[in-house]
Each structure stands twice: as C-alpha cells, then as structure tokens.
file start.txt (compact mmCIF, C-alpha atoms)
# COMPACT_ATOMS: atom_id res chain seq x y z
CA MET A 168 -24.38 27.72 -19.62
CA ARG A 169 -27.84 26.69 -18.47
CA ASP A 170 -26.44 23.31 -17.42
CA LEU A 171 -23.96 24.99 -15.06
CA GLY A 172 -26.82 26.60 -13.16
CA ALA A 173 -28.82 23.38 -13.24
CA GLY A 174 -25.90 21.47 -11.73
CA LEU A 175 -25.62 23.96 -8.88
CA GLY A 176 -29.38 23.70 -8.46
CA TYR A 177 -29.14 19.94 -7.85
CA LEU A 178 -26.50 20.54 -5.19
CA ILE A 179 -28.81 23.01 -3.43
CA LYS A 180 -31.84 20.73 -3.81
CA GLY A 181 -29.91 17.85 -2.25
CA GLN A 182 -28.97 19.93 0.79
CA ARG A 183 -32.57 21.08 1.12
CA TRP A 184 -33.80 17.48 0.90
CA VAL A 185 -31.69 16.23 3.82
CA VAL A 186 -32.59 19.27 5.93
CA GLN A 187 -36.25 18.41 5.39
CA HIS A 188 -35.52 14.77 6.29
CA GLY A 189 -33.44 15.28 9.43
CA ARG A 190 -33.12 11.58 10.24
CA TRP A 191 -31.24 10.92 7.01
CA PHE A 192 -29.03 13.93 7.57
CA GLY A 193 -27.95 12.52 10.94
CA ILE A 194 -27.30 9.06 9.49
CA GLY A 195 -25.30 10.53 6.64
CA LEU A 196 -22.98 12.43 8.99
CA LEU A 197 -21.44 9.36 10.62
CA PRO A 198 -19.20 8.11 7.75
CA GLY A 199 -17.95 11.65 7.08
CA LEU A 200 -16.95 12.18 10.70
CA ILE A 201 -14.93 8.97 10.75
CA THR A 202 -13.14 9.86 7.52
CA LEU A 203 -12.56 13.46 8.61
CA PHE A 204 -10.55 12.42 11.68
CA LEU A 205 -8.37 10.16 9.53
CA TYR A 206 -7.71 12.86 6.94
CA ALA A 207 -7.15 15.62 9.47
CA GLY A 208 -4.32 13.62 11.02
CA ALA A 209 -2.79 12.93 7.61
CA LEU A 210 -2.90 16.60 6.54
CA VAL A 211 -1.42 17.79 9.83
CA GLY A 212 1.43 15.35 9.35
CA LEU A 213 1.93 16.56 5.78
CA GLY A 214 1.93 20.17 6.95
CA TYR A 215 4.72 19.46 9.41
CA GLY A 216 6.73 17.37 6.97
CA ALA A 217 6.30 19.26 3.68
CA ASP A 218 9.28 21.58 4.29
CA ASP A 219 11.54 18.63 5.16
CA LEU A 220 10.39 16.89 1.99
CA ALA A 221 11.23 20.03 -0.03
CA ASP A 222 14.72 20.14 1.52
CA TRP A 223 15.27 16.45 0.78
CA ALA A 224 14.12 16.82 -2.85
CA THR A 225 16.39 19.79 -3.65
CA PRO A 226 19.93 18.95 -2.42
CA PHE A 227 21.31 20.57 -5.58
CA ALA A 228 20.16 23.96 -4.26
CA ASP A 229 22.04 23.83 -0.93
CA ASP A 230 24.68 26.28 -2.18
CA TRP A 231 22.23 28.70 -3.80
CA SER A 232 22.29 32.26 -2.52
CA SER A 233 19.37 34.13 -1.01
CA PRO A 234 16.59 34.65 -1.99
CA TRP A 235 16.63 31.87 -4.61
CA LEU A 236 17.09 28.98 -2.17
CA GLY A 237 14.22 30.10 0.02
CA LEU A 238 12.01 30.89 -2.97
CA LEU A 239 12.53 27.45 -4.53
CA ARG A 240 11.92 25.47 -1.36
CA THR A 241 8.99 27.61 -0.22
CA THR A 242 7.35 27.17 -3.62
CA LEU A 243 7.96 23.43 -3.54
CA THR A 244 6.60 23.19 0.02
CA VAL A 245 3.41 24.98 -1.01
CA LEU A 246 3.03 22.78 -4.08
CA VAL A 247 3.53 19.59 -2.03
CA PHE A 248 0.86 20.62 0.46
CA ALA A 249 -1.47 21.77 -2.34
CA PHE A 250 -0.94 18.41 -4.06
CA GLY A 251 -1.81 16.61 -0.82
CA LEU A 252 -4.88 18.80 -0.33
CA PHE A 253 -5.97 18.14 -3.92
CA LEU A 254 -5.74 14.38 -3.38
CA ALA A 255 -7.49 14.69 -0.01
CA VAL A 256 -10.47 16.47 -1.58
CA ILE A 257 -10.74 13.84 -4.30
CA THR A 258 -10.19 10.77 -2.14
CA PHE A 259 -12.30 12.04 0.78
CA THR A 260 -15.48 11.37 -1.15
CA ALA A 261 -14.34 7.93 -2.31
CA VAL A 262 -13.27 6.84 1.18
CA THR A 263 -16.37 8.31 2.84
CA LEU A 264 -18.65 6.59 0.33
CA LEU A 265 -16.83 3.31 0.94
CA VAL A 266 -17.09 3.64 4.72
CA GLY A 267 -20.73 4.69 4.48
CA GLN A 268 -21.82 2.43 1.59
CA PRO A 269 -24.92 0.96 3.29
CA PHE A 270 -25.94 4.34 4.75
CA TYR A 271 -25.61 6.28 1.51
CA GLU A 272 -27.24 3.60 -0.62
CA SER A 273 -30.26 3.64 1.70
CA LEU A 274 -30.31 7.44 1.56
CA SER A 275 -30.18 7.37 -2.25
CA GLU A 276 -33.03 4.84 -2.37
CA GLU A 277 -35.09 7.06 -0.08
CA VAL A 278 -34.57 10.05 -2.39
CA ASP A 279 -35.74 7.94 -5.35
CA ARG A 280 -38.73 6.80 -3.34
CA ALA A 281 -39.64 10.35 -2.31
CA GLU A 282 -39.36 11.61 -5.90
CA GLY A 283 -41.60 8.86 -7.24
CA GLY A 284 -41.07 6.30 -9.96
CA GLU A 285 -38.84 3.24 -9.91
CA VAL A 286 -36.55 2.63 -6.93
CA PRO A 287 -33.76 0.43 -8.35
CA GLU A 288 -31.90 -1.98 -6.08
CA SER A 289 -28.67 -3.76 -6.90
CA GLY A 290 -29.76 -7.02 -5.29
CA LEU A 291 -26.14 -7.77 -4.38
CA PRO A 292 -24.79 -8.70 -0.93
CA LEU A 293 -23.06 -5.92 0.99
CA TRP A 294 -19.56 -7.40 0.59
CA ARG A 295 -20.01 -7.46 -3.19
CA GLU A 296 -21.18 -3.84 -3.28
CA LEU A 297 -18.19 -2.78 -1.16
CA TRP A 298 -15.82 -4.61 -3.49
CA ILE A 299 -17.31 -2.97 -6.59
CA SER A 300 -17.21 0.49 -4.99
CA ALA A 301 -13.60 0.04 -3.87
CA ARG A 302 -12.53 -1.27 -7.29
CA ASP A 303 -14.21 1.60 -9.17
CA SER A 304 -12.81 4.15 -6.72
CA VAL A 305 -9.28 2.88 -7.34
CA ARG A 306 -9.83 3.19 -11.08
CA ILE A 307 -11.03 6.77 -10.67
CA LEU A 308 -8.19 7.65 -8.31
CA VAL A 309 -5.64 6.38 -10.83
CA ARG A 310 -7.10 8.80 -13.37
CA VAL A 311 -7.09 11.60 -10.80
CA ALA A 312 -3.49 10.86 -9.81
CA LEU A 313 -2.39 11.20 -13.44
CA TYR A 314 -4.11 14.57 -13.68
CA ALA A 315 -2.63 15.60 -10.35
CA VAL A 316 0.94 14.79 -11.42
CA LEU A 317 0.46 16.70 -14.68
CA LEU A 318 -1.05 19.73 -12.93
CA PHE A 319 1.67 19.63 -10.28
CA ALA A 320 4.31 19.85 -13.00
CA LEU A 321 2.44 22.62 -14.83
CA GLY A 322 2.27 24.55 -11.57
CA PHE A 323 5.91 25.59 -12.08
CA ILE A 324 5.02 27.56 -15.22
CA PRO A 325 5.15 31.29 -14.37
CA VAL A 326 1.77 33.07 -14.21
CA ALA A 327 -0.22 30.23 -15.84
CA GLY A 328 0.88 27.86 -13.07
CA GLN A 329 -0.66 30.16 -10.46
CA THR A 330 -3.83 31.09 -12.39
CA VAL A 331 -4.97 28.75 -15.16
CA VAL A 332 -3.63 25.51 -13.64
CA PRO A 333 -5.50 25.87 -10.30
CA LEU A 334 -8.70 26.58 -12.26
CA ILE A 335 -8.22 23.40 -14.28
CA GLY A 336 -7.48 21.56 -11.05
CA PHE A 337 -10.80 22.66 -9.53
CA CYS A 338 -12.62 21.50 -12.68
CA VAL A 339 -10.93 18.09 -12.51
CA THR A 340 -11.74 17.85 -8.81
CA GLY A 341 -15.39 18.77 -9.34
CA TYR A 342 -15.85 16.40 -12.27
CA PHE A 343 -14.56 13.34 -10.45
CA LEU A 344 -16.37 14.28 -7.22
CA ALA A 345 -19.59 14.27 -9.19
CA GLU A 346 -18.70 10.89 -10.70
CA GLU A 347 -18.09 9.34 -7.28
CA LEU A 348 -21.34 10.72 -5.89
CA THR A 349 -23.60 9.85 -8.82
CA ALA A 350 -22.13 6.33 -8.78
CA VAL A 351 -24.26 5.53 -5.72
CA ALA A 352 -27.47 5.96 -7.72
CA LEU A 353 -26.18 4.84 -11.12
CA GLN A 354 -24.72 1.55 -9.82
CA ARG A 355 -28.16 0.69 -8.51
CA ARG A 356 -29.40 1.29 -12.06
CA GLY A 357 -27.00 -1.33 -13.42
CA MET A 358 -24.37 1.00 -14.89
CA VAL A 359 -20.70 0.03 -14.80
CA LEU A 360 -17.92 2.62 -14.53
CA LYS A 361 -17.26 2.82 -18.28
CA ASP A 362 -20.92 3.51 -19.02
CA ARG A 363 -21.15 6.08 -16.22
CA LEU A 364 -18.19 8.02 -17.60
CA VAL A 365 -19.75 8.06 -21.07
CA LEU A 366 -23.01 9.32 -19.57
CA LEU A 367 -21.30 12.09 -17.62
CA ARG A 368 -19.20 13.22 -20.58
CA GLY A 369 -22.42 13.91 -22.45
CA ARG A 370 -23.38 16.61 -19.90
CA ARG A 371 -20.02 18.05 -18.83
CA LEU A 372 -21.34 21.49 -17.87
CA LEU A 373 -24.08 19.97 -15.74
CA ILE A 374 -21.52 17.81 -13.96
CA LEU A 375 -19.13 20.73 -13.43
CA GLY A 376 -21.96 22.92 -12.15
CA PHE A 377 -22.63 20.30 -9.48
CA GLY A 378 -19.08 19.21 -8.69
CA VAL A 379 -16.94 22.37 -8.80
CA PRO A 380 -18.86 24.33 -6.10
CA LEU A 381 -18.87 21.17 -3.98
CA GLY A 382 -15.12 20.73 -4.44
CA LEU A 383 -14.52 24.35 -3.40
CA ALA A 384 -16.75 23.91 -0.35
CA PHE A 385 -14.87 20.73 0.61
CA LEU A 386 -11.70 22.82 1.02
CA VAL A 387 -13.23 24.41 4.15
CA PRO A 388 -12.55 22.28 7.27
CA PHE A 389 -15.55 20.26 8.49
CA VAL A 390 -17.78 21.51 5.65
CA ALA A 391 -17.35 18.27 3.69
CA VAL A 392 -18.79 16.24 6.56
CA PHE A 393 -21.95 18.32 6.77
CA LEU A 394 -22.42 18.52 3.00
CA MET A 395 -21.94 14.82 2.25
CA PRO A 396 -25.51 13.67 3.03
CA GLY A 397 -26.97 16.45 0.88
CA ALA A 398 -24.35 15.81 -1.82
CA VAL A 399 -25.48 12.17 -2.08
CA ALA A 400 -29.12 13.27 -2.21
CA GLY A 401 -28.36 15.91 -4.85
CA ALA A 402 -26.30 13.43 -6.89
CA THR A 403 -29.25 11.03 -6.87
CA LEU A 404 -31.49 13.78 -8.25
CA LEU A 405 -28.81 14.54 -10.82
CA ALA A 406 -28.55 10.88 -11.80
CA ARG A 407 -32.31 10.73 -12.32
CA ASP A 408 -31.99 13.69 -14.69
CA LEU A 409 -29.07 12.13 -16.59
CA VAL A 410 -30.80 8.80 -17.11
CA GLY A 411 -34.17 10.37 -17.80
CA ALA A 412 -32.76 12.95 -20.22
CA GLY A 413 -30.86 10.25 -22.02
CA SER A 414 -33.95 8.11 -22.33
CA ASP A 415 -36.03 11.01 -23.64
CA ALA A 416 -33.39 11.82 -26.21
CA ASP A 417 -33.25 8.20 -27.29
CA ASP A 418 -37.01 8.10 -27.77
CA ALA A 419 -36.90 11.26 -29.83
CA ARG A 420 -34.09 10.09 -32.14
CA GLY A 421 -34.76 6.36 -32.12
CA GLU A 422 -31.20 5.61 -31.05
CA GLY A 423 -29.28 5.09 -27.79
CA THR A 424 -26.93 7.64 -26.27
CA VAL A 425 -27.05 6.20 -22.79
CA PRO A 426 -25.13 2.92 -22.70
CA SER A 427 -27.22 -0.17 -22.09
CA PRO A 428 -26.13 -2.20 -19.09
CA SER A 429 -24.70 -5.65 -19.66
CA PRO A 430 -26.66 -8.69 -18.45
CA CYS A 431 -24.62 -8.70 -15.20
CA PRO A 432 -23.38 -5.11 -15.13
CA LEU A 433 -22.13 -4.97 -11.59
CA ASP A 434 -20.01 -8.07 -12.08
CA ASP A 435 -17.98 -6.39 -14.85
call {"tool": "encode", "arguments": {"input": "start.txt", "output": "structure tokens"}}
result
Amino acid sequence: MRDLGAGLGYLIKGQRWVVQHGRWFGIGLLPGLITLFLYAGALVGLGYGADDLADWATPFADDWSSPWLGLLRTTLTVLVFAFGLFLAVITFTAVTLLVGQPFYESLSEEVDRAEGGEVPESGLPLWRELWISARDSVRILVRVALYAVLLFALGFIPVAGQTVVPLIGFCVTGYFLAEELTAVALQRRGMVLKDRLVLLRGRRLLILGFGVPLGLAFLVPFVAVFLMPGAVAGATLLARDLVGAGSDADDARGEGTVPSPSPCPLDD
C-alpha cells in the first residue's frame, strides 16, 4: 500500500516542479491545447450520434414495449459514450505526447538535470523518435482496445457491470497512462516497449498510484491540458525511481530484474 501513496506523491511532485519552473509549464501546455480541440470536437460528435448508433444497432428491439425499448437503448447509448470517453482518456496522452514529442523530451531532460545525475539522450533524429513513439503508442492502444472491448461487454452484467467493471476500467486507464508518460524518460534510457512493460509490472501499485488519480482527473474538461506538463515531470521522477530501485535491487541480489537494453534498443 505504501507504493500507492508513493505513486500519488510523484504526481504531486511533478505538478509542483512545473509550477516552480513556469517556463516549462507554458511550453508543455501547447501540445495539450492542440489535442484538446481535436478531441472536444470528436466527443461532441459522438454525443450527438450515440443515440442514433444505439437505434441502428438494435433493430430487433423496434417492437419491444415500454419501458424495455427505452431502457435498452438508453443503456447502450450511455455505454457507447462511456466507451468513447474511455478511449479518449487513453489516447489523449498518446496523441499529445506524439504532437509534443520535442517539447516533452526537453522537459523530461530538464527534470533529470535539475534532480542531478546522468541526463540520458537518445541521440536519434526527431523523425526517428516520432516514428518510435507512434509505433509504441499503436502497440499500447491495441492492448487498451482489447481491454475496452472486454470491459464494454462486461458492462452489461447487472450490478457488477455498474460497480466492479468501471473500477477495473479506471485501473486499466491509469496503468497505461503511466506507461505512456514514463516512456518519455525510459526511451531516453534505452528501454524498448517490452522492457518497459516488464519494469512497470514489477511495481504495479506504484504505477496505479500515479496513473489512476491522473486518469480520473483527465475526465474533467480542460484539466488534462493543464496537468500534462506536470504529469511528464512526475513520470520522469517516477522513472528515475523505477530504474534506480531496480539497479539497487540488482546490486543487492547479484542478479538483474530490470531488463538490459539491446545494443540498439530504440531500433527494435
């Protein structure tokens, strides 16, 4: 349980860091604002079209009597919009990080520099970094989509579908948000997606403590934009802990728990 509190602590520390470094906060806002306008338009369109989609998907219920017809289609409309919102929360981070790749990488480097110690750099051209980020984001989104479809189906289960399933959904959202955000710092440290996932699985509670509150906050309009710079800063602090903790544990046991990067890790 201590890791849950520690994860939340990194989120708070990251927000505090960008407030104390106002220039980086301003720079970090730009990609989020661009992405927000795109997503706002998409969600408004989904809100207007969700009921039509529910009608189209349930022609077999046209002859049902009241209240069953209305109950079915209202439930389906809510689930469609919730599904869209779930995907928006997950993909918002990936798209914003892609749009703001050079900004957020510089911000992450500055956090490393301010905290002392090594400041890793990928040494790759910008186009290559964008390609790697986009490729890894697609891989993560495929995983998220599979979870989303499963949770969407489970949402029809009485009681559990309205209580336990949303809770699991928030945990899934938070976990993959944390993965996307820590990727900025971990890619600079030569870690490919497979190795990053192994590293994060070793500290699940820490990751959930960071990602779940952030995922909940991202549900509030405009909040995601203002939290993104601090989220990147906090994720960099978190990544330093993950790599450092893994290294300390390795030294103590004489074995490796943190995967060693391949000779050309970012070309994997």
call {"tool": "closest_atom_pairs", "arguments": {"input": "start.txt", "of": "range 325-423 of chain A", "to": "range 226-245 of chain A", "cutoff": "12 Å", "atoms": "only C-alpha atoms", "output": "JSON lines"}}
result
{"residue": "A:Pro325", "atom": "CA", "partner": "A:Thr242", "partner_atom": "CA", "distance": 11.7}
{"residue": "A:Gly328", "atom": "CA", "partner": "A:Thr242", "partner_atom": "CA", "distance": 11.5}
{"residue": "A:Gln329", "atom": "CA", "partner": "A:Thr242", "partner_atom": "CA", "distance": 10.9}
call {"tool": "atom_distance", "arguments": {"input": "start.txt", "atom1": "CA of Met395 in chain A", "atom2": "CA of Ala209 in chain A"}}
result
20.0 Å
call {"tool": "closest_residue", "arguments": {"input": "start.txt", "among": "A:Leu213, A:Ile335, A:Leu308, A:Leu274", "to": "Gly193 in chain A", "atoms": "all atoms listed in the file"}}
result
A:Leu274
call {"tool": "closest_residue", "arguments": {"input": "start.txt", "among": "A:Leu334, A:Val316, A:Leu264, A:Ile324", "to": "Thr349 in chain A", "atoms": "only C-alpha atoms"}}
result
A:Leu264
call {"tool": "residues_near_point", "arguments": {"input": "start.txt", "point": "(-4.3, 12.2, -8.1)", "cutoff": "12 Å", "atoms": "all atoms listed in the file", "output": "PyMOL selection string"}}
result
chain A and resi 249-259+304-319+336+339-340+343
call {"tool": "closest_residue", "arguments": {"input": "start.txt", "among": "A:Leu353, A:Val185, A:Ile201, A:Val332", "to": "Glu288 in chain A", "atoms": "all atoms listed in the file"}}
result
A:Leu353
call {"tool": "residues_around", "arguments": {"input": "start.txt", "residues": "Val390 in chain A", "least_positions_apart": "4", "cutoff": "12 Å", "atoms": "only C-alpha atoms", "output": "list of chain:residue names"}}
result
A:Leu196, A:Gly199, A:Leu200, A:Leu203, A:Val256, A:Phe259, A:Leu381, A:Gly382, A:Leu383, A:Ala384, A:Phe385, A:Leu386, A:Leu394, A:Met395, A:Pro396, A:Gly397, A:Ala398
call {"tool": "closest_residue", "arguments": {"input": "start.txt", "among": "A:Val331, A:Ala301, A:Leu409, A:Ile179", "to": "Gly369 in chain A", "atoms": "all atoms listed in the file"}}
result
A:Leu409
call {"tool": "closest_residue", "arguments": {"input": "start.txt", "among": "A:Glu276, A:Leu366, A:Val186, A:Gly341", "to": "Asp408 in chain A", "atoms": "all atoms listed in the file"}}
result
A:Leu366
call {"tool": "closest_residue", "arguments": {"input": "start.txt", "among": "A:Leu175, A:Val247, A:Ala224, A:Val379", "to": "Leu210 in chain A", "atoms": "all atoms listed in the file"}}
result
A:Val247
call {"tool": "atom_distance", "arguments": {"input": "start.txt", "atom1": "CA of Leu197 in chain A", "atom2": "CA of Lys180 in chain A"}}
result
21.1 Å
call {"tool": "atom_distance", "arguments": {"input": "start.txt", "atom1": "CA of Glu346 in chain A", "atom2": "CA of Thr403 in chain A"}}
result
11.2 Å
call {"tool": "residues_around", "arguments": {"input": "start.txt", "residues": "Arg371 in chain A", "least_positions_apart": "2", "cutoff": "12 Å", "atoms": "all atoms listed in the file", "output": "MDAnalysis selection string"}}
result
chainID A and resid 168:171 173:174 338:339 341:343 345:346 364:369 373:379 409
call {"tool": "residues_near_point", "arguments": {"input": "start.txt", "point": "(-15.5, 5.8, -3.0)", "cutoff": "7 Å", "atoms": "all atoms listed in the file", "output": "list in words"}}
result
Thr260, Ala261, Val262, Thr263, Leu264, Leu265, Ser300, Ala301, Ser304 and Glu347 of chain A
call {"tool": "axis_aligned_box", "arguments": {"input": "start.txt", "around": "range 173-185 of chain A", "padding_each_side": "3 Å", "output": "JSON"}}
result
{"center_x": -29.7, "center_y": 20.1, "center_z": -4.7, "size_x": 14.2, "size_y": 13.7, "size_z": 23.1}
call {"tool": "decode", "arguments": {"input": "start.txt", "residues": "range 383-394 of chain A", "atoms": "all heavy atoms", "output": "compact mmCIF listing (two decimals), in the first residue's frame"}}
result
# COMPACT_ATOMS: atom_id res chain seq x y z
N LEU A 383 -8.48 9.78 -13.54
CA LEU A 383 -9.72 10.38 -13.02
C LEU A 383 -9.73 11.89 -13.27
O LEU A 383 -10.75 12.45 -13.66
CB LEU A 383 -9.85 10.09 -11.53
CG LEU A 383 -10.13 8.63 -11.15
CD1 LEU A 383 -10.01 8.44 -9.63
CD2 LEU A 383 -11.53 8.21 -11.62
N ALA A 384 -8.60 12.53 -13.05
CA ALA A 384 -8.52 13.97 -13.27
C ALA A 384 -8.71 14.31 -14.74
O ALA A 384 -9.30 15.35 -15.08
CB ALA A 384 -7.16 14.50 -12.78
N PHE A 385 -8.24 13.44 -15.64
CA PHE A 385 -8.35 13.69 -17.07
C PHE A 385 -9.80 13.65 -17.55
O PHE A 385 -10.09 14.10 -18.67
CB PHE A 385 -7.53 12.67 -17.85
CG PHE A 385 -6.08 13.03 -18.00
CD1 PHE A 385 -5.49 13.98 -17.18
CD2 PHE A 385 -5.28 12.42 -18.96
CE1 PHE A 385 -4.15 14.32 -17.30
CE2 PHE A 385 -3.95 12.75 -19.11
CZ PHE A 385 -3.38 13.70 -18.27
N LEU A 386 -10.70 13.10 -16.73
CA LEU A 386 -12.11 13.08 -17.11
C LEU A 386 -12.75 14.46 -17.02
O LEU A 386 -13.81 14.71 -17.60
CB LEU A 386 -12.89 12.11 -16.21
CG LEU A 386 -12.53 10.63 -16.36
CD1 LEU A 386 -13.30 9.81 -15.34
CD2 LEU A 386 -12.82 10.13 -17.77
N VAL A 387 -12.14 15.38 -16.28
CA VAL A 387 -12.66 16.74 -16.13
C VAL A 387 -12.19 17.58 -17.31
O VAL A 387 -10.98 17.62 -17.59
CB VAL A 387 -12.18 17.36 -14.81
CG1 VAL A 387 -12.76 18.77 -14.64
CG2 VAL A 387 -12.56 16.47 -13.63
N PRO A 388 -13.11 18.22 -18.04
CA PRO A 388 -12.72 19.02 -19.20
C PRO A 388 -11.61 20.03 -18.89
O PRO A 388 -11.62 20.66 -17.84
CB PRO A 388 -14.03 19.74 -19.57
CG PRO A 388 -15.10 18.84 -19.05
CD PRO A 388 -14.56 18.23 -17.79
N PHE A 389 -10.67 20.13 -19.78
CA PHE A 389 -9.54 21.05 -19.73
C PHE A 389 -8.47 20.69 -18.69
O PHE A 389 -7.36 21.20 -18.75
CB PHE A 389 -10.00 22.50 -19.47
CG PHE A 389 -10.98 23.01 -20.49
CD1 PHE A 389 -12.32 23.16 -20.17
CD2 PHE A 389 -10.57 23.32 -21.77
CE1 PHE A 389 -13.22 23.62 -21.10
CE2 PHE A 389 -11.46 23.78 -22.72
CZ PHE A 389 -12.79 23.93 -22.39
N VAL A 390 -8.81 19.85 -17.72
CA VAL A 390 -7.83 19.53 -16.68
C VAL A 390 -6.63 18.81 -17.27
O VAL A 390 -5.48 19.07 -16.88
CB VAL A 390 -8.49 18.66 -15.57
CG1 VAL A 390 -7.43 18.05 -14.66
CG2 VAL A 390 -9.45 19.51 -14.75
N ALA A 391 -6.87 17.91 -18.23
CA ALA A 391 -5.78 17.15 -18.82
C ALA A 391 -4.71 18.06 -19.42
O ALA A 391 -3.51 17.80 -19.30
CB ALA A 391 -6.32 16.20 -19.90
N VAL A 392 -5.15 19.14 -20.06
CA VAL A 392 -4.20 20.07 -20.68
C VAL A 392 -3.26 20.67 -19.65
O VAL A 392 -2.05 20.72 -19.83
CB VAL A 392 -4.96 21.18 -21.43
CG1 VAL A 392 -3.98 22.23 -21.96
CG2 VAL A 392 -5.77 20.60 -22.57
N PHE A 393 -3.83 21.10 -18.53
CA PHE A 393 -3.04 21.79 -17.51
C PHE A 393 -2.20 20.82 -16.68
O PHE A 393 -1.20 21.22 -16.07
CB PHE A 393 -3.95 22.61 -16.61
CG PHE A 393 -4.58 23.78 -17.31
CD1 PHE A 393 -5.87 23.71 -17.81
CD2 PHE A 393 -3.86 24.95 -17.52
CE1 PHE A 393 -6.45 24.78 -18.47
CE2 PHE A 393 -4.42 26.02 -18.19
CZ PHE A 393 -5.71 25.95 -18.67
N LEU A 394 -2.60 19.56 -16.64
CA LEU A 394 -1.84 18.57 -15.86
C LEU A 394 -0.74 17.89 -16.67
O LEU A 394 0.16 17.30 -16.08
CB LEU A 394 -2.79 17.51 -15.30
CG LEU A 394 -3.76 17.92 -14.21
CD1 LEU A 394 -4.51 16.71 -13.68
CD2 LEU A 394 -3.04 18.62 -13.05
